[in-house]
Every structure is written in C-alpha cells, then in structure tokens.
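Working notes, beginning with the structure itself.
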Amino acid sequence: MEKPQRSNIALIGFMGVGKTTCGRILSKRLLWSFLDTDNVIVKQTGLSIPNIFKQFGESYFRKLEKQLVAESLANCKNTVIATGGGMGADIENLTILRKYSVIVHLVSSEEQILKHLKKTTNRPLTQRDNTSDFLLELYKKRLPFYHTADVEISTLGRSINQIVHQIAKIIQ
Ligand code: S3P
C-alpha cells in the first residue's frame, strides 16, 4: 500500500472495540502524540460524558464533537486520534477528519461488542432497559459510515499488540 500523506491517524469504530487502548499504544510505538476525543471534551467542559448527556442532552454532546473535529483537531500533526463511537458515524465529521487523518476502522463483531459493553457503566448509551437491541440497531446504522474508512482492521482473535503492529505496518 502507498504511504499515506495525511499526518494523523484517526481510529473510528463502535463503542468498546478498543480505539482508546490501541490508540495509546500505537502512539507510543510511532512516537506520536495521542488524543482521545472524549477526554478532550471532558477536560473542556469539566463534566463526565454521562453528565454531559444527563444535563445537556446527546445533541449537545454531538455539537461538542463537531466543534472539536472542525476546530482543534485540524491543528494536530503526528497524532493518533481515538474518536468516540459516534464521531466516526457522521458524514460531516468524516469529511473533515479525512482531510488531515488516515482513517482506520477497528472492526469487531456484534457478539464481542455486546459482551464487552455489558461490563462497562461509563457510557450513557448503554444505560437503558433494552440495551442489546438498541446497540445492535445503532451498530447496523453506523456500519456504512465506519466502512468508508481508509483502512479496516479486524480486532477479532487478535491481541492489542497484534492490532497495533498491523496498523503501524500499514502507516509506516
Ligand atoms: C459514544 C461513544 C463513547 C462516547 C459517548 C458516545 C457513541 O465513546 O463518545 O459515550 O455514541 O458511540 P467510545 O466509543 O470510546 O466508547
């Protein structure tokens, strides 16, 4: 594969596929900076993601995500960007992200995602009565957006190090 010219890597994909964990390790390996979009929003607002959803609603959080993509992220260089699961499922965000990042979709399976998300409590979208049905529907809606990534890497049956190694091989 041709060496990509864009100077960041943006990891996209559904909640729980390992964007943050892989991103952090990948950035160390490449000697790049690391940025987690959820963390930036938490720092900017002084609120946790569940509190932003609770106090201001999901649409406000999406606005903050859009602002981040359009403003701060555009100045990043040699940075691995771990996006929140909804950021990479929005055509405007993807169009802008693509200008300055190679977009990598971390692909998992419905089963693995549900299994992983059952164990977590810090994501507002997983705290509802019909969580599994809701998440599966959301996953299906988002997949066509995720599939527009420059590179897709399956996480199934692979260790974090193997995933990171594969992304680094493609990028370097
Ligand atoms: C969300 C994913 C979360 C976080 C927020 C909403 C989503 O990030 O941005 O809870 O809509 O998929 P992770 O993908 O890192 O869990």
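Just remember, in the structure tokens the first chain shown is A, the second B, etc., residues are 1-based per chain, and ligands are 1-based in the order shown.
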_Within-6 Å residues of ligand 1, basis only C-alpha atoms and all ligand atoms, as a PyMOL selection string_ = chain A and resi 14-16+38+84-86+123-124
Could I get the residues of region 70-100 of chain A with an atom no further than 12 Å from an atom of region 136-147 of chain A, each paired with its nearest atom pair and that distance in Å to one decimal, using only C-alpha atoms, sorted by chain and residue number, as CSV?
```
residue,atom,partner,partner_atom,distance
A:Thr83,CA,A:Tyr146,CA,11.7
A:Gly85,CA,A:Arg142,CA,9.0
A:Gly86,CA,A:Arg142,CA,8.1
A:Met87,CA,A:Tyr146,CA,9.9
A:Gly88,CA,A:Tyr146,CA,6.3
A:Ala89,CA,A:Phe145,CA,5.1
A:Asp90,CA,A:Phe145,CA,6.9
A:Ile91,CA,A:Phe145,CA,7.1
A:Glu92,CA,A:Phe145,CA,10.7
A:Asn93,CA,A:Phe145,CA,10.4
A:Leu94,CA,A:Phe145,CA,8.2
A:Thr95,CA,A:Phe145,CA,10.8
```
*asked:* Would you pick out the contacts of Asp150 (chain A) at 7 Å or less, using only C-alpha atoms, so that residues sharing its chain but fewer than 5 positions from it are not included, and give the list as a PyMOL selection string?
replied: chain A and resi 102-104
Export all heavy atoms of the chosen residues as a compact mmCIF listing (two decimals), in the first residue's frame?
```txt
# COMPACT_ATOMS: atom_id res chain seq x y z
N VAL A 102 -5.46 9.75 8.28
CA VAL A 102 -5.79 8.46 7.69
C VAL A 102 -6.81 7.83 8.64
O VAL A 102 -6.56 7.77 9.85
CB VAL A 102 -4.54 7.55 7.60
CG1 VAL A 102 -4.91 6.17 7.08
CG2 VAL A 102 -3.49 8.20 6.72
N ILE A 103 -7.93 7.39 8.11
CA ILE A 103 -8.98 6.88 8.99
C ILE A 103 -8.92 5.35 9.03
O ILE A 103 -8.94 4.69 8.00
CB ILE A 103 -10.36 7.36 8.51
CG1 ILE A 103 -10.39 8.90 8.53
CG2 ILE A 103 -11.47 6.80 9.40
CD1 ILE A 103 -11.72 9.52 8.22
N VAL A 104 -8.80 4.85 10.24
CA VAL A 104 -8.71 3.40 10.45
C VAL A 104 -9.93 2.93 11.23
O VAL A 104 -10.20 3.43 12.33
CB VAL A 104 -7.42 3.04 11.23
CG1 VAL A 104 -7.35 1.53 11.49
CG2 VAL A 104 -6.18 3.50 10.47
```
*With only C-alpha atoms as the basis for distance, which of A:Ile153, A:Leu97, A:Ile170, A:Leu11 is at the shortest distance from Gln67 (chain A)?*
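Looking at the shortest contact to Gln67 (chain A), the residue is A:Leu97.
Of the residues under consideration (A:Leu30, A:Ile25, A:Leu125, A:Leu106), A:Leu125 shows the shortest atom-to-atom contact distance to Phe53 (chain A) when counting only C-alpha atoms.
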_Filtered DSSP result for region 16-163 of chain A, state helix (DSSP H, G or I), as a PyMOL selection string_ = chain A and resi 19-30+37-45+49-56+58-70+72-75+87-89+91-100+110-118+124-126+131-146+160-163
Neighbouring residues of His105 (chain A) were defined as those with any atom within 6 Å, considering only C-alpha atoms; residues of the same chain fewer than 3 positions away were excluded. Please report them as an mmCIF file with N, CA and C atoms, in the first residue's frame.
```cif
data_model
loop_
_atom_site.group_PDB
_atom_site.id
_atom_site.type_symbol
_atom_site.label_atom_id
_atom_site.label_comp_id
_atom_site.auth_asym_id
_atom_site.auth_seq_id
_atom_site.Cartn_x
_atom_site.Cartn_y
_atom_site.Cartn_z
ATOM 1 N N LEU A 11 -8.703 6.742 14.685
ATOM 2 C CA LEU A 11 -9.315 5.429 14.872
ATOM 3 C C LEU A 11 -10.810 5.625 15.055
ATOM 4 N N ILE A 12 -11.596 4.965 14.217
ATOM 5 C CA ILE A 12 -13.048 5.045 14.368
ATOM 6 C C ILE A 12 -13.606 3.644 14.609
ATOM 7 N N GLY A 13 -14.844 3.570 15.036
ATOM 8 C CA GLY A 13 -15.479 2.278 15.265
ATOM 9 C C GLY A 13 -16.435 2.362 16.436
ATOM 10 N N ALA A 149 -13.893 4.097 5.955
ATOM 11 C CA ALA A 149 -12.514 4.313 6.434
ATOM 12 C C ALA A 149 -11.505 3.957 5.340
ATOM 13 N N GLU A 152 -9.454 -0.911 7.155
ATOM 14 C CA GLU A 152 -10.287 -1.613 8.151
ATOM 15 C C GLU A 152 -9.480 -2.762 8.743
#
```
*Can you pull out every residue within 12 Å of Ile9 (chain A), counting only C-alpha atoms, but drop anything in the same chain fewer than 4 positions away, and send it as a PyMOL selection string?*
chain A and resi 4-5+19+22-24+26-27+30+32-36+73+76-83+97-105+149-151+164+167-168+170-172
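Take CA of Ile163 (chain A) and CA of Ala10 (chain A): the distance between them is 14.4 Å.
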*Any chance you could list, as a list in words, the residues in region 10-172 of chain A that come up strand (DSSP E) when DSSP is run on the backbone?*
Ala10, Leu11, Ile12, Ser33, Phe34, Leu35, Asp36, Thr79, Val80, Ile81, Ala82, Ser101, Val102, Ile103, Val104, His105, Leu106, Val107, Val151, Glu152, Ile153 and Ser154 of chain A
*Å distance separating CA of Leu68 (chain A) from CA of Gln44 (chain A), one decimal place*: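 Computed distance, CA of Leu68 (chain A) to CA of Gln44 (chain A), equals 10.1 Å.
Restricting the calculation to only C-alpha atoms, the smallest distance between Asn51 (chain A) and any of A:Gln162, A:Asn122, A:Thr37, A:Asn75 is found for A:Asn122.
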